[in-house]
Structures are given as C-alpha cells and as structure tokens.
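Below: final.txt (compact mmCIF, C-alpha atoms)
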# COMPACT_ATOMS: atom_id res chain seq x y z
CA MET A 749 27.76 -55.35 13.78
CA VAL A 750 26.67 -51.86 12.84
CA ASN A 751 26.85 -51.10 9.14
CA LEU A 752 28.95 -47.91 9.33
CA PHE A 753 28.25 -47.02 5.73
CA LEU A 754 24.50 -47.25 6.25
CA LEU A 755 24.73 -45.34 9.53
CA SER A 756 26.74 -42.53 7.98
CA ASN A 757 24.20 -42.18 5.16
CA LEU A 758 21.34 -42.09 7.64
CA LEU A 759 23.07 -39.37 9.62
CA TRP A 760 23.65 -37.41 6.44
CA LEU A 761 19.96 -37.66 5.55
CA VAL A 762 19.07 -36.37 9.03
CA VAL A 763 21.41 -33.40 8.56
CA ILE A 764 19.90 -32.59 5.17
CA ALA A 765 16.35 -32.92 6.51
CA SER A 766 17.17 -30.70 9.51
CA ALA A 767 18.68 -28.07 7.27
CA GLY A 768 15.56 -28.15 5.12
CA ILE A 769 13.33 -27.66 8.16
CA LEU A 770 15.42 -24.77 9.42
CA GLN A 771 15.40 -23.17 6.00
CA SER A 772 11.64 -23.53 5.68
CA ASN A 773 11.11 -21.96 9.13
CA SER A 774 13.42 -19.02 8.52
CA ARG A 775 12.43 -15.89 6.63
CA ASP A 776 13.96 -15.08 3.30
CA LYS A 777 14.27 -11.36 3.92
CA THR A 778 15.53 -10.73 0.41
CA SER A 779 12.12 -11.66 -1.00
CA SER A 780 9.93 -10.41 1.86
CA ILE A 781 8.15 -7.06 1.84
CA ALA A 782 9.59 -4.82 4.58
CA PRO A 783 7.02 -2.08 5.16
CA LYS A 784 7.93 1.05 7.04
CA VAL A 785 4.33 1.44 8.21
CA VAL A 786 1.47 -1.03 8.57
CA ILE A 787 -1.98 0.47 9.10
CA ILE A 788 -4.32 -1.77 11.10
CA SER A 789 -8.04 -1.33 10.39
CA MET A 790 -10.82 -3.32 12.06
CA PHE A 791 -13.75 -3.22 9.61
CA ASP A 792 -14.53 -2.24 6.04
CA SER A 793 -15.22 1.50 6.44
CA GLU A 794 -11.98 1.99 8.39
CA GLY A 795 -10.05 0.25 5.61
CA ASP A 796 -11.90 1.76 2.66
CA VAL A 797 -10.98 5.31 3.68
CA TRP A 798 -7.35 4.53 2.76
CA TYR A 799 -8.09 3.35 -0.80
CA GLY A 800 -7.94 5.81 -3.69
CA ILE A 801 -6.22 8.58 -1.73
CA PRO A 802 -3.78 10.93 -3.52
CA GLU A 803 -0.81 10.39 -1.19
CA PHE A 804 -0.14 6.71 -2.00
CA ASN A 805 -1.83 3.72 -3.64
CA LEU A 806 -2.40 0.92 -1.17
CA LEU A 807 -4.02 -1.29 -3.81
CA ALA A 808 -0.89 -1.52 -5.97
CA ARG A 809 -0.01 -4.85 -4.36
CA ASN A 810 -2.44 -7.25 -2.72
CA ILE A 811 -0.98 -10.16 -0.79
CA THR A 812 -3.22 -12.97 0.39
CA VAL A 813 -2.07 -14.21 3.81
CA PRO A 814 -3.34 -17.52 5.23
CA GLY A 815 -5.03 -17.02 8.59
CA LEU A 816 -6.44 -13.57 7.92
CA SER A 817 -10.17 -12.95 8.14
CA PRO A 818 -12.26 -14.90 5.60
CA ILE A 819 -13.72 -11.58 4.40
CA PHE A 820 -10.51 -9.50 4.70
CA HIS A 821 -7.92 -11.95 3.45
CA ASP A 822 -5.45 -9.56 1.78
CA VAL A 823 -2.74 -7.22 2.96
CA HIS A 824 -2.71 -4.17 0.69
CA CYS A 825 0.59 -2.42 -0.04
CA THR A 826 2.08 0.36 -2.10
CA LYS A 827 4.15 -0.66 -5.12
CA ASP A 828 7.42 -0.19 -3.24
CA GLY A 829 6.05 -1.95 -0.15
CA SER A 830 6.78 0.98 2.14
CA VAL A 831 3.19 1.28 3.41
CA CYS A 832 0.75 -1.58 3.91
CA GLN A 833 -2.75 -1.91 5.37
CA LEU A 834 -4.92 -4.79 6.51
CA THR A 835 -8.33 -5.24 8.13
CA THR A 836 -8.56 -7.61 11.08
CA GLY A 837 -12.29 -8.03 11.52
CA GLU A 838 -14.00 -6.74 14.64
CA ALA A 839 -13.63 -7.80 18.30
CA GLU A 840 -10.76 -9.43 20.15
CA ILE A 841 -10.66 -12.92 18.60
CA ASN A 842 -10.58 -11.58 15.04
CA ALA A 843 -7.90 -9.04 15.91
CA ALA A 844 -5.63 -11.53 17.67
CA THR A 845 -5.96 -14.18 14.97
CA THR A 846 -5.32 -11.79 12.09
CA ILE A 847 -2.31 -10.06 13.64
CA THR A 848 -0.78 -13.38 14.68
CA SER A 849 -1.15 -14.64 11.11
CA LEU A 850 0.41 -11.46 9.75
CA VAL A 851 3.49 -11.47 11.96
CA HIS A 852 4.23 -15.12 11.15
CA SER A 853 3.78 -14.72 7.40
CA SER A 854 6.92 -15.32 5.36
CA SER A 855 5.71 -12.65 2.93
CA PHE A 856 6.77 -9.88 5.30
CA ASP A 857 9.79 -8.70 7.26
CA LEU A 858 8.27 -6.59 10.05
CA THR A 859 11.31 -6.14 12.25
CA LYS A 860 11.54 -2.39 11.58
CA THR A 861 7.88 -1.73 10.83
CA TYR A 862 5.76 0.89 12.61
CA PHE A 863 2.25 -0.37 13.35
CA MET A 864 -0.57 2.16 13.53
CA ILE A 865 -3.88 0.94 14.90
CA ALA A 866 -6.30 3.28 13.12
CA GLY A 867 -9.95 2.79 14.02
CA ILE A 868 -13.04 4.46 15.41
CA ALA A 869 -14.26 4.27 19.00
CA GLY A 870 -16.73 5.51 21.55
CA VAL A 871 -15.61 8.51 23.59
CA ASN A 872 -15.91 9.82 27.14
CA PRO A 873 -17.44 13.34 26.93
CA LYS A 874 -15.38 14.38 29.95
CA ILE A 875 -12.24 14.12 27.79
CA ALA A 876 -13.10 14.60 24.11
CA THR A 877 -15.89 14.65 21.55
CA THR A 878 -17.00 12.99 18.34
CA GLY A 879 -14.62 13.48 15.45
CA SER A 880 -11.65 13.83 17.80
CA VAL A 881 -8.43 11.93 17.11
CA THR A 882 -6.97 10.24 20.19
CA PHE A 883 -3.58 8.66 20.81
CA ALA A 884 -3.26 6.22 23.70
CA ARG A 885 -0.37 5.33 25.96
CA TYR A 886 -2.36 2.66 27.82
CA ALA A 887 -4.83 0.09 26.54
CA VAL A 888 -6.88 -1.47 29.35
CA GLN A 889 -8.94 -4.64 29.04
CA VAL A 890 -11.70 -3.34 31.28
CA ALA A 891 -14.19 -6.22 31.06
CA LEU A 892 -11.68 -8.91 32.07
CA GLN A 893 -13.34 -9.18 35.49
CA TYR A 894 -15.90 -11.06 37.50
CA GLU A 895 -19.40 -9.85 36.74
CA PHE A 896 -22.71 -9.77 38.59
CA ASP A 897 -25.94 -8.80 36.91
CA ALA A 898 -26.52 -5.36 38.43
CA ARG A 899 -29.75 -6.65 39.96
CA ASP A 900 -27.79 -9.29 41.91
CA LYS A 901 -24.79 -7.27 43.06
CA PRO A 902 -24.21 -6.60 46.77
CA ALA A 903 -25.94 -3.42 47.88
CA ASP A 904 -22.70 -1.66 48.80
CA PHE A 905 -21.01 -2.39 45.43
CA SER A 906 -20.88 0.53 43.00
CA THR A 907 -20.92 -1.86 40.02
CA GLY A 908 -21.38 -5.52 39.17
CA TYR A 909 -17.78 -5.74 37.93
CA VAL A 910 -15.14 -7.05 40.37
CA PRO A 911 -11.44 -7.55 39.43
CA GLN A 912 -10.56 -11.22 39.16
CA GLY A 913 -9.32 -12.85 42.35
CA SER A 914 -10.56 -9.91 44.40
CA PHE A 915 -13.66 -9.34 46.51
CA ARG A 916 -14.67 -5.73 45.87
CA PRO A 917 -14.78 -3.45 42.80
CA ASP A 918 -12.04 -1.20 44.19
CA GLU A 919 -9.48 -3.97 44.85
CA TYR A 920 -6.60 -4.57 42.46
CA PRO A 921 -7.00 -7.91 40.63
CA ALA A 922 -5.34 -10.74 42.53
CA GLU A 923 -5.39 -12.92 39.42
CA LEU A 924 -3.66 -11.49 36.35
CA TYR A 925 -4.00 -13.04 32.90
CA GLY A 926 -1.30 -10.80 31.44
CA THR A 927 -3.43 -8.86 28.95
CA GLU A 928 -5.13 -6.46 31.37
CA VAL A 929 -2.93 -3.46 30.52
CA PHE A 930 -0.46 -2.60 27.77
CA GLU A 931 1.71 0.49 27.59
CA VAL A 932 3.21 1.75 24.33
CA ASN A 933 6.02 4.15 23.50
CA ASP A 934 5.07 7.60 24.78
CA ALA A 935 7.87 9.38 22.91
CA LEU A 936 6.57 7.91 19.65
CA ARG A 937 3.02 8.85 20.65
CA LYS A 938 4.01 12.48 21.08
CA LEU A 939 5.63 12.53 17.64
CA ALA A 940 2.46 11.04 16.15
CA VAL A 941 0.34 13.66 17.93
CA GLY A 942 2.52 16.39 16.45
CA PHE A 943 2.02 15.01 12.94
CA ALA A 944 -1.74 14.58 13.43
CA LYS A 945 -2.13 18.18 14.60
CA GLN A 946 -1.12 19.30 11.11
CA ALA A 947 -4.42 17.94 9.80
CA ILE A 948 -7.61 19.93 9.31
CA LEU A 949 -10.19 17.64 10.89
CA ASN A 950 -13.60 16.98 9.42
CA ASP A 951 -16.79 17.89 11.28
CA THR A 952 -20.46 17.89 10.34
CA VAL A 953 -23.53 19.91 11.25
CA ALA A 954 -25.21 16.76 12.56
CA ALA A 955 -22.32 16.07 14.92
CA GLN A 956 -22.25 19.68 16.10
CA GLN A 957 -25.97 19.71 16.83
CA TYR A 958 -25.88 16.43 18.74
CA ARG A 959 -22.83 17.24 20.89
CA ALA A 960 -24.42 20.57 21.90
CA ASN A 961 -26.69 18.50 24.17
CA TYR A 962 -23.72 17.89 26.47
CA GLN A 963 -23.24 21.60 27.22
CA THR A 964 -25.65 21.59 30.17
CA ASN A 965 -23.30 19.43 32.29
CA PRO A 966 -20.05 21.27 33.19
CA ALA A 967 -18.28 17.92 33.40
CA PHE A 968 -18.94 17.46 29.68
CA THR A 969 -17.50 20.78 28.47
CA LEU A 970 -14.94 19.05 26.23
CA GLY A 971 -17.61 16.75 24.85
CA ALA A 972 -19.59 19.77 23.64
CA GLU A 973 -16.63 21.35 21.82
CA GLY A 974 -15.35 20.64 18.33
CA PRO A 975 -13.01 17.75 17.42
CA SER A 976 -9.33 17.96 18.29
CA VAL A 977 -6.23 15.77 18.70
CA VAL A 978 -6.02 14.39 22.24
CA GLU A 979 -3.61 12.28 24.27
CA CYS A 980 -5.73 9.88 26.32
CA ASP A 981 -6.16 6.17 26.85
CA THR A 982 -8.36 3.41 25.49
CA ALA A 983 -10.58 0.70 26.98
CA THR A 984 -10.98 -2.69 25.31
CA ALA A 985 -13.93 -5.07 25.66
CA ASP A 986 -15.90 -7.31 23.33
CA THR A 987 -19.05 -5.75 24.78
CA TYR A 988 -20.36 -2.51 23.27
CA TRP A 989 -21.75 -0.66 26.28
CA SER A 990 -23.73 2.53 26.77
CA GLY A 991 -24.65 4.55 29.82
CA THR A 992 -23.20 6.45 32.74
CA LEU A 993 -23.12 3.50 35.16
CA LEU A 994 -21.00 1.18 33.01
CA SER A 995 -18.87 4.04 31.71
CA GLU A 996 -18.04 5.23 35.22
CA ALA A 997 -17.34 1.64 36.30
CA PHE A 998 -14.83 1.18 33.48
CA GLU A 999 -13.41 4.64 34.09
CA ASN A 1000 -12.67 3.46 37.63
CA THR A 1001 -11.23 0.20 36.28
CA THR A 1002 -8.84 2.15 34.05
CA THR A 1003 -7.69 4.24 37.00
CA LEU A 1004 -7.31 1.17 39.22
CA PHE A 1005 -5.47 -1.03 36.71
CA THR A 1006 -2.99 1.74 35.77
CA ASN A 1007 -2.34 2.87 39.35
CA GLY A 1008 -4.03 6.21 38.65
CA THR A 1009 -2.03 7.04 35.53
CA GLY A 1010 -4.39 6.08 32.74
CA VAL A 1011 -7.06 8.46 31.41
CA TYR A 1012 -10.23 6.60 30.35
CA CYS A 1013 -11.16 8.17 27.05
CA THR A 1014 -12.07 5.86 24.16
CA THR A 1015 -13.88 2.52 24.01
CA GLN A 1016 -13.26 -0.18 21.42
CA GLN A 1017 -13.20 -3.96 20.93
CA GLU A 1018 -9.74 -4.96 19.68
CA ASP A 1019 -6.66 -3.14 20.93
CA ASN A 1020 -5.50 -5.36 23.81
CA ALA A 1021 -5.82 -8.39 21.54
CA THR A 1022 -3.79 -6.70 18.81
CA LEU A 1023 -1.15 -5.60 21.32
CA GLU A 1024 -0.87 -9.07 22.86
CA SER A 1025 -0.22 -10.57 19.43
CA LEU A 1026 2.39 -7.91 18.66
CA MET A 1027 4.02 -8.40 22.05
CA ARG A 1028 4.39 -12.14 21.52
CA ALA A 1029 5.82 -11.40 18.09
CA ALA A 1030 8.29 -9.01 19.72
CA MET A 1031 9.35 -11.75 22.14
CA ALA A 1032 10.09 -13.90 19.08
CA GLY A 1033 12.12 -11.12 17.44
CA LEU A 1034 9.59 -10.61 14.65
CA VAL A 1035 8.54 -7.02 15.48
CA ASP A 1036 9.69 -4.11 17.63
CA PHE A 1037 7.13 -3.30 20.34
CA SER A 1038 8.46 0.25 20.64
CA ARG A 1039 7.10 0.97 17.13
CA ILE A 1040 3.36 0.90 17.88
CA ILE A 1041 0.89 3.78 17.64
CA VAL A 1042 -2.68 3.43 18.97
CA MET A 1043 -4.90 5.97 17.20
CA ARG A 1044 -8.67 6.01 17.68
CA THR A 1045 -11.13 8.56 16.34
CA ALA A 1046 -14.42 9.14 18.17
CA SER A 1047 -17.67 8.16 16.47
CA ASP A 1048 -20.13 8.21 19.39
CA PHE A 1049 -20.41 8.89 23.12
CA ASP A 1050 -20.07 6.20 25.79
CA ARG A 1051 -22.86 7.73 27.90
CA GLU A 1052 -26.04 9.72 27.57
CA PHE A 1053 -26.35 13.51 27.73
CA PRO A 1054 -28.45 15.11 30.52
CA GLY A 1055 -32.09 14.14 30.13
CA GLN A 1056 -31.36 11.29 27.71
CA THR A 1057 -31.53 7.54 28.42
CA ALA A 1058 -28.67 5.10 27.95
CA ALA A 1059 -30.78 3.25 25.37
CA ALA A 1060 -31.40 6.42 23.37
CA ASN A 1061 -27.64 7.08 23.42
CA LEU A 1062 -26.90 3.58 22.10
CA PHE A 1063 -29.59 3.39 19.44
CA GLY A 1064 -29.61 7.04 18.37
CA ASP A 1065 -27.43 8.74 15.76
CA PRO A 1066 -24.85 11.14 17.24
CA GLY A 1067 -23.70 12.20 13.78
CA GLY A 1068 -20.12 11.24 14.54
CA PHE A 1069 -19.56 8.30 12.22
CA THR A 1070 -18.68 10.25 9.07
CA PRO A 1071 -16.15 12.62 10.70
CA SER A 1072 -14.61 9.75 12.68
CA ILE A 1073 -13.98 7.73 9.52
CA LEU A 1074 -12.68 10.68 7.51
CA ASN A 1075 -10.43 11.79 10.36
CA ILE A 1076 -8.77 8.38 10.45
CA TYR A 1077 -7.40 9.29 7.03
CA LEU A 1078 -6.94 13.03 7.52
CA ALA A 1079 -4.91 12.67 10.72
CA GLY A 1080 -3.50 9.22 10.01
CA VAL A 1081 -1.97 10.12 6.67
CA LYS A 1082 -0.02 12.90 8.36
CA VAL A 1083 1.43 10.34 10.76
CA VAL A 1084 2.33 7.94 7.95
CA GLN A 1085 3.94 10.71 5.89
CA GLY A 1086 5.81 11.98 8.93
CA ILE A 1087 7.39 8.56 9.45
CA ILE A 1088 8.18 7.99 5.77
CA ASN A 1089 9.59 11.50 5.18
CA ASP A 1090 11.92 11.33 8.18
CA TRP A 1091 12.83 7.68 7.88
CA GLY A 1092 16.54 8.28 7.46
CA GLY A 1093 16.76 10.92 10.17
CA THR A 1094 14.61 9.54 12.98
CA PHE A 1095 12.51 6.51 12.32
CA ALA A 1096 14.79 3.89 10.72
CA LYS A 1097 16.82 3.62 13.90
CA GLY A 1098 13.72 3.75 16.09
CA VAL A 1099 12.34 6.15 18.68
CA GLU A 1100 13.83 5.38 22.06
CA PRO A 1101 11.08 4.90 24.67
CA THR A 1102 11.21 7.19 27.69
CA ASN A 1103 8.69 5.05 29.56
CA TYR A 1104 8.07 1.39 30.27
CA ILE A 1105 6.60 -0.49 27.29
CA GLY A 1106 4.91 -3.88 27.32
CA ASP A 1107 2.31 -5.81 29.28
CA ILE A 1108 1.31 -5.98 32.94
CA TRP A 1109 3.66 -8.93 33.56
CA GLY A 1110 6.84 -7.24 32.30
CA SER A 1111 7.26 -9.88 29.61
CA LEU A 1112 9.59 -7.73 27.47
CA GLY A 1113 11.76 -6.75 30.41
CA GLY A 1114 11.69 -3.73 32.67
CA ASN A 1115 9.23 -2.97 35.45
CA PRO A 1116 5.69 -1.84 34.61
CA ASP A 1117 4.73 1.50 36.12
CA PHE A 1118 1.31 0.05 36.87
CA GLY A 1119 0.13 -3.10 38.64
CA PRO A 1120 2.20 -5.22 41.02
CA GLY A 1121 5.44 -4.96 39.00
CA SER A 1122 7.30 -7.44 36.85
CA VAL A 1123 6.70 -11.09 37.60
CA PHE A 1124 10.05 -11.77 35.89
CA GLY A 1125 12.17 -9.62 38.18
CA GLY A 1126 12.60 -6.91 35.55
CA GLN A 1127 14.19 -9.31 33.08
CA GLN A 1128 12.75 -10.40 29.75
CA ARG A 1129 10.48 -13.38 30.14
CA VAL A 1130 12.16 -16.77 30.42
CA LEU A 1131 10.47 -20.16 30.29
CA LYS A 1132 8.58 -20.87 33.49
CA SER A 1133 5.66 -23.07 34.28
CA PHE A 1134 2.27 -21.39 34.17
CA ARG A 1135 1.73 -22.34 37.81
CA THR A 1136 4.98 -20.65 38.86
CA LEU A 1137 4.05 -17.50 36.93
CA ARG A 1138 0.58 -17.32 38.50
CA ARG A 1139 2.08 -17.82 41.97
CA GLY A 1140 4.52 -14.96 41.31
CA ALA A 1141 1.66 -12.69 40.28
CA ARG A 1142 -0.22 -13.50 43.50
CA LEU A 1143 2.81 -12.81 45.66
CA ALA A 1144 3.42 -9.49 43.88
CA ARG A 1145 -0.24 -8.57 44.44
CA ARG A 1146 0.01 -9.29 48.17
CA SER A 1147 2.97 -6.92 48.46
CA LEU A 1148 0.87 -3.93 47.29
Step by step, read the file and then write its structure as structure tokens.
Amino acid sequence: MVNLFLLSNLLWLVVIASAGILQSNSRDKTSSIAPKVVIISMFDSEGDVWYGIPEFNLLARNITVPGLSPIFHDVHCTKDGSVCQLTTGEAEINAATTITSLVHSSSFDLTKTYFMIAGIAGVNPKIATTGSVTFARYAVQVALQYEFDARDKPADFSTGYVPQGSFRPDEYPAELYGTEVFEVNDALRKLAVGFAKQAILNDTVAAQQYRANYQTNPAFTLGAEGPSVVECDTATADTYWSGTLLSEAFENTTTLFTNGTGVYCTTQQEDNATLESLMRAAMAGLVDFSRIIVMRTASDFDREFPGQTAAANLFGDPGGFTPSILNIYLAGVKVVQGIINDWGGTFAKGVEPTNYIGDIWGSLGGNPDFGPGSVFGGQQRVLKSFRTLRRGARLARRSL
C-alpha cells in the first residue's frame, strides 16, 4: 500500500524544488542593471578611449561577469547604469563567448538596450579612407568558404575561395551555416549616422601623407580624401588579410552573399560572431535585435596603393591608428548621447525597422532580402532537426 502521507510530502518537496529552480533561472529585474546603451569594444585601445571622458564616467561601476575574457572580465557602467561598456577580446571566438556570457548574466536586463559595436577596421579605398566612421547594414562572414592555396587553384578560378557546397567562386553557397550574413536595422543606422555627423573627426598629418599615395588611381579617389561618416558594410574573418587579390575576392563575396546589395567597405574579425550571439539572445527574449548599431572606424587600408606591395601595405604604418581610435569616441559619443537624450521621445519604444533584420536563415522571422530566403517559411524559428534545416537550405538554394 502506498503511504499517502509520504507521497504527498514527496510531491510537495518536488514542487518547492521546481519553484526554486525556476526562480534561480529567472532574472530579478528589480536588482538588474538595465542599460540604455552598451558599447562593445574588442581590445584595450578601443575600450580605453571611453574612460575619463567628460560626457559620462564609465568606471563608476565595475561588474565582474563570469565568462568574459580573462583579461577583460568587467563590464563598466555609469553610476545610474544608463551606459555600459565591455571589451570582448579579439577575433570571433572571443567575441561570441563574451557576448553570450553578457546576455545570460543575471546582473543585467538587456531587453531594451541598444548595442553599439564600436571598433576599428581595415578599409576599402574605393569607398572610404583612414579615420572615417562607417555604419554597416550588412555584416558578411567572407572567409566561411572552401579555400585553395592560390598556387593550387584551378587556372580559370579568380581566387582560391569557393563558397561552401559550390564548385566555383561565383556560385552562391549550397551549404549555409547560418552566420554568413546578418542585416541590422537600417532606420536605426540612419539615425546613428545623423548623430555621428555632428562630430568633428580627428585626422593627422601622417594619415594625410600616407593616403595621398592613393590619388594616382581614380578608383581610389575616396581613399585619398579626408575622413568622413559613411554608410557601407563590413566583412568578418579571423584572418587579417592584405592585398588587392584577397580584397577583390572578398568584395565579390560580399556582393554574392548579399545578392548585390552589400557594399564591401570595412574588414574586421568579430562582428558576425557578436551578431550571432545577440541573435540567439533575441530568440530567447533577452535582447531586441532591432537595437543594434555596427560602427567601425578605419585604421588602415585593405590593399596596397599603386606601386606598393601587399606586404608593405600590411607591415607599414598608414598613420590611421590614432584617428581611428579617437574617432570611435568622437563619433560614438554623439550616438550614445543622441539615444540617451531622446530616450522618452524615440528610443525607449524602439526604432521600427524598415528592412529585414536577422540572419541568412530567417531565424527571427521574415524573409531575408539576400540569399535563398527563409528556411522557416518566413516564421520565427521553431524546433527542427539540424538535418531537416540543412535539407531546407539546400532546396532553397536549388530554387535560385
């Protein structure tokens, strides 16, 4: 015979234990910091430029978050918690791990937070120059491809890079991993550009003298001019490349992966990883993917000037580091202030996207305006087996 008294007590203990688990997994928003803006830096110089500025004190509160970089283990915030900043560490693994740890930290409520990626990058001299401040709509993971050593590639291939699952460099990838392209809120980008244009950008004599070398090629006219604020897109790869051949290959990749919409402009090592982590957090209801700004300032050129070698471009000093770092702050602080100052009027409720936002799979719902279209039929992602998802991506590719 079942001891009903004992059974009822056991059931009660299960209920109590379950409640405890649920409580421990939920966020206590009354004690969490709810920043209006989080600034994402990638290495020390990008972070240091925000400390000791007159507009706000980011070192008033320093919160250690488990899972952040061993050398950048704190999130720095103003006293009221309205603005915070953290440094991820460089390259894709560091960025993904740090941002994932941040969004799952019980110390923060990020559901209404604007995230501003604010780092330096290489730049395409066809589009902009050193010291320029760029704002991206697309981030493209350009090196997520098959690769031949250039000495082994077929003679009729323009590059050793071939999209995965395909057979030529100009074929759309037949195998999609989901992180190849992200698109962020263009309406928010345009607001950020407007704020950044209020800044007086820094430039140096060294940068001016170096960029003058690009004047002799008409294609590089913009690269020879002074720094400005530009709307153009960004390429992500762990590799740090230099030279016309690789730059043109990845320029073509950007065009291919975005169906001709993206403008290859800046080169960096983190953004697709950061955006993937934020997108997964958005799927879990922890952040709002429409509140992301991708700002990169140009520190060097992705290719050589006429008469220069690719090696000299990589190992030389283009004079762009100092203005690129300073312009992160000079332009970025205008964006932060613009959001904070108009919080009640515009930004608390959010900026409605006028374009698709999300990844190449359509994981947040809607149909991407690049690639083969949503593998989820335009609906937000539901649980499916990985094999089913990959098969759907292949079928969508074949319909192109």
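The shell of residues at most 7 Å from segment 851-859 of chain A, with only C-alpha atoms counted and near chain neighbours (fewer than 4 positions) removed, consists of Arg775, Lys777, Ser780, Ile781, Ala782, Pro783, Val813, Ile847, Ala1029, Leu1034, Val1035 and Asp1036 of chain A.
Distance annotation: of A:Glu840, A:Asp900, A:Asp1048, A:Glu895, the residue with the minimal separation from Thr984 of chain A is A:Glu840; atom set is all atoms listed in the file.
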Exercise for review: Show which residues sit within 8 Å of segment 962-974 of chain A, as a ChimeraX atom specification. Count all atoms listed in the file, and ignore same-chain residues fewer than 3 positions away.
Suggested key: /A:872-880,951,956,959,1053-1054
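Across the structure, atom CA of Asn1089 of chain A and atom CA of Phe820 of chain A are spaced 29.1 Å apart.
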Review point. Quick one: of A:Gln946, A:Lys784, A:Tyr894, A:Met1031, who's nearest to Gly1092 of chain A, counting all atoms listed in the file?
Key: A:Lys784
Under the rule of at most 12 Å, produce a per-residue listing of segment 982-1086 of chain A near segment 1096-1102 of chain A: chain, number, name, the closest pair of atoms, and the distance in Å, as CSV, using all atoms listed in the file.
residue,atom,partner,partner_atom,distance
A:Val1035,CA,A:Gly1098,CA,12.0
A:Asp1036,CA,A:Gly1098,CA,9.0
A:Phe1037,CA,A:Pro1101,CA,10.1
A:Ser1038,CA,A:Pro1101,CA,6.7
A:Arg1039,CA,A:Gly1098,CA,7.3
A:Ile1040,CA,A:Val1099,CA,10.4
A:Ile1041,CA,A:Val1099,CA,11.7
Practice item. May I have the residues within 12 Å of Ile788 of chain A as an MDAnalysis selection string, using all atoms listed in the file and disregarding those fewer than 3 positions away in the same chain? Key: chainID A and resid 785 791:792 794:796 798 820 823:824 831:838 843:844 846:847 850 862:868 1018:1019 1022:1023 1026 1040:1044 1076 1080
Export, as a short mmCIF file (atom, residue, chain, number, x, y, z; two decimals), in the frame of the given file, the selected residues with C-alpha atoms.
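Result file is selection_21.cif:
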data_model
loop_
_atom_site.label_atom_id
_atom_site.label_comp_id
_atom_site.auth_asym_id
_atom_site.auth_seq_id
_atom_site.Cartn_x
_atom_site.Cartn_y
_atom_site.Cartn_z
CA VAL A 785 4.33 1.44 8.21
CA PHE A 791 -13.75 -3.22 9.61
CA ASP A 792 -14.53 -2.24 6.04
CA GLU A 794 -11.98 1.99 8.39
CA GLY A 795 -10.05 0.25 5.61
CA ASP A 796 -11.90 1.76 2.66
CA TRP A 798 -7.35 4.53 2.76
CA PHE A 820 -10.51 -9.50 4.70
CA VAL A 823 -2.74 -7.22 2.96
CA HIS A 824 -2.71 -4.17 0.69
CA VAL A 831 3.19 1.28 3.41
CA CYS A 832 0.75 -1.58 3.91
CA GLN A 833 -2.75 -1.91 5.37
CA LEU A 834 -4.92 -4.79 6.51
CA THR A 835 -8.33 -5.24 8.13
CA THR A 836 -8.56 -7.61 11.08
CA GLY A 837 -12.29 -8.03 11.52
CA GLU A 838 -14.00 -6.74 14.64
CA ALA A 843 -7.90 -9.04 15.91
CA ALA A 844 -5.63 -11.53 17.67
CA THR A 846 -5.32 -11.79 12.09
CA ILE A 847 -2.31 -10.06 13.64
CA LEU A 850 0.41 -11.46 9.75
CA TYR A 862 5.76 0.89 12.61
CA PHE A 863 2.25 -0.37 13.35
CA MET A 864 -0.57 2.16 13.53
CA ILE A 865 -3.88 0.94 14.90
CA ALA A 866 -6.30 3.28 13.12
CA GLY A 867 -9.95 2.79 14.02
CA ILE A 868 -13.04 4.46 15.41
CA GLU A 1018 -9.74 -4.96 19.68
CA ASP A 1019 -6.66 -3.14 20.93
CA THR A 1022 -3.79 -6.70 18.81
CA LEU A 1023 -1.15 -5.60 21.32
CA LEU A 1026 2.39 -7.91 18.66
CA ILE A 1040 3.36 0.90 17.88
CA ILE A 1041 0.89 3.78 17.64
CA VAL A 1042 -2.68 3.43 18.97
CA MET A 1043 -4.90 5.97 17.20
CA ARG A 1044 -8.67 6.01 17.68
CA ILE A 1076 -8.77 8.38 10.45
CA GLY A 1080 -3.50 9.22 10.01
#
Practice item. Would you work out the distance separating atom CA of Tyr1012 of chain A from atom CA of Ser1047 of chain A, expressed in Å to one decimal? Key: 15.8 Å
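The residue that comes closest to Phe1118 of chain A, out of A:Ile1105, A:Val978, A:Leu949, A:Val786 and on the basis of all atoms listed in the file, is A:Ile1105.
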Check your understanding: By how many Å are atom CA of Phe883 of chain A and atom CA of Asn1007 of chain A apart?
Key -> 19.5 Å
Check your understanding: Taking only C-alpha atoms into account, which of A:Ala1032, A:Ala940, A:Ile948, A:Ala935 comes nearest Asn1075 of chain A?
Key -> A:Ile948
Point to revise | Minimum-distance residue to Ala1058 of chain A, chosen among A:Met790, A:Leu993, A:Cys1013, A:Ile1073 (using only C-alpha atoms) | key: A:Leu993
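Shortest separation to Trp1109 of chain A among A:Ala947, A:Val929, A:Leu1004, A:Ile801 occurs at residue A:Val929, atoms counted being only C-alpha atoms.
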**Study point:** Polymer residues at most 12 Å from Ser990 of chain A, only C-alpha atoms, same-chain spacing of 2 or more positions, as a ChimeraX atom specification
**Key:** /A:870-872,987-988,992-998,1015,1048-1053,1056-1064
Because some atoms of segment 875-886 of chain A are absent here, can you restore N, CA and C atoms and send them as an mmCIF file, keeping the file's coordinate frame?
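Saved result, out_15.cif, follows:
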data_model
loop_
_atom_site.group_PDB
_atom_site.id
_atom_site.type_symbol
_atom_site.label_atom_id
_atom_site.label_comp_id
_atom_site.auth_asym_id
_atom_site.auth_seq_id
_atom_site.Cartn_x
_atom_site.Cartn_y
_atom_site.Cartn_z
ATOM 1 N N ILE A 875 -13.605 13.989 28.320
ATOM 2 C CA ILE A 875 -12.240 14.120 27.790
ATOM 3 C C ILE A 875 -12.201 14.636 26.361
ATOM 4 N N ALA A 876 -13.154 14.232 25.535
ATOM 5 C CA ALA A 876 -13.100 14.600 24.110
ATOM 6 C C ALA A 876 -14.503 14.469 23.512
ATOM 7 N N THR A 877 -14.590 14.673 22.222
ATOM 8 C CA THR A 877 -15.890 14.650 21.550
ATOM 9 C C THR A 877 -15.817 13.874 20.254
ATOM 10 N N THR A 878 -16.962 13.712 19.617
ATOM 11 C CA THR A 878 -17.000 12.990 18.340
ATOM 12 C C THR A 878 -16.172 13.726 17.287
ATOM 13 N N GLY A 879 -15.520 12.932 16.463
ATOM 14 C CA GLY A 879 -14.620 13.480 15.450
ATOM 15 C C GLY A 879 -13.200 13.668 15.941
ATOM 16 N N SER A 880 -12.994 13.636 17.243
ATOM 17 C CA SER A 880 -11.650 13.830 17.800
ATOM 18 C C SER A 880 -10.739 12.656 17.440
ATOM 19 N N VAL A 881 -9.454 12.940 17.400
ATOM 20 C CA VAL A 881 -8.430 11.930 17.110
ATOM 21 C C VAL A 881 -7.632 11.725 18.392
ATOM 22 N N THR A 882 -7.635 10.514 18.915
ATOM 23 C CA THR A 882 -6.970 10.240 20.190
ATOM 24 C C THR A 882 -5.789 9.312 19.994
ATOM 25 N N PHE A 883 -4.769 9.514 20.821
ATOM 26 C CA PHE A 883 -3.580 8.660 20.810
ATOM 27 C C PHE A 883 -3.356 8.151 22.232
ATOM 28 N N ALA A 884 -3.318 6.842 22.378
ATOM 29 C CA ALA A 884 -3.260 6.220 23.700
ATOM 30 C C ALA A 884 -1.844 5.814 24.073
ATOM 31 N N ARG A 885 -1.567 5.926 25.364
ATOM 32 C CA ARG A 885 -0.370 5.330 25.960
ATOM 33 C C ARG A 885 -0.714 3.989 26.586
ATOM 34 N N TYR A 886 -1.897 3.901 27.197
ATOM 35 C CA TYR A 886 -2.360 2.660 27.820
ATOM 36 C C TYR A 886 -3.573 2.117 27.085
#
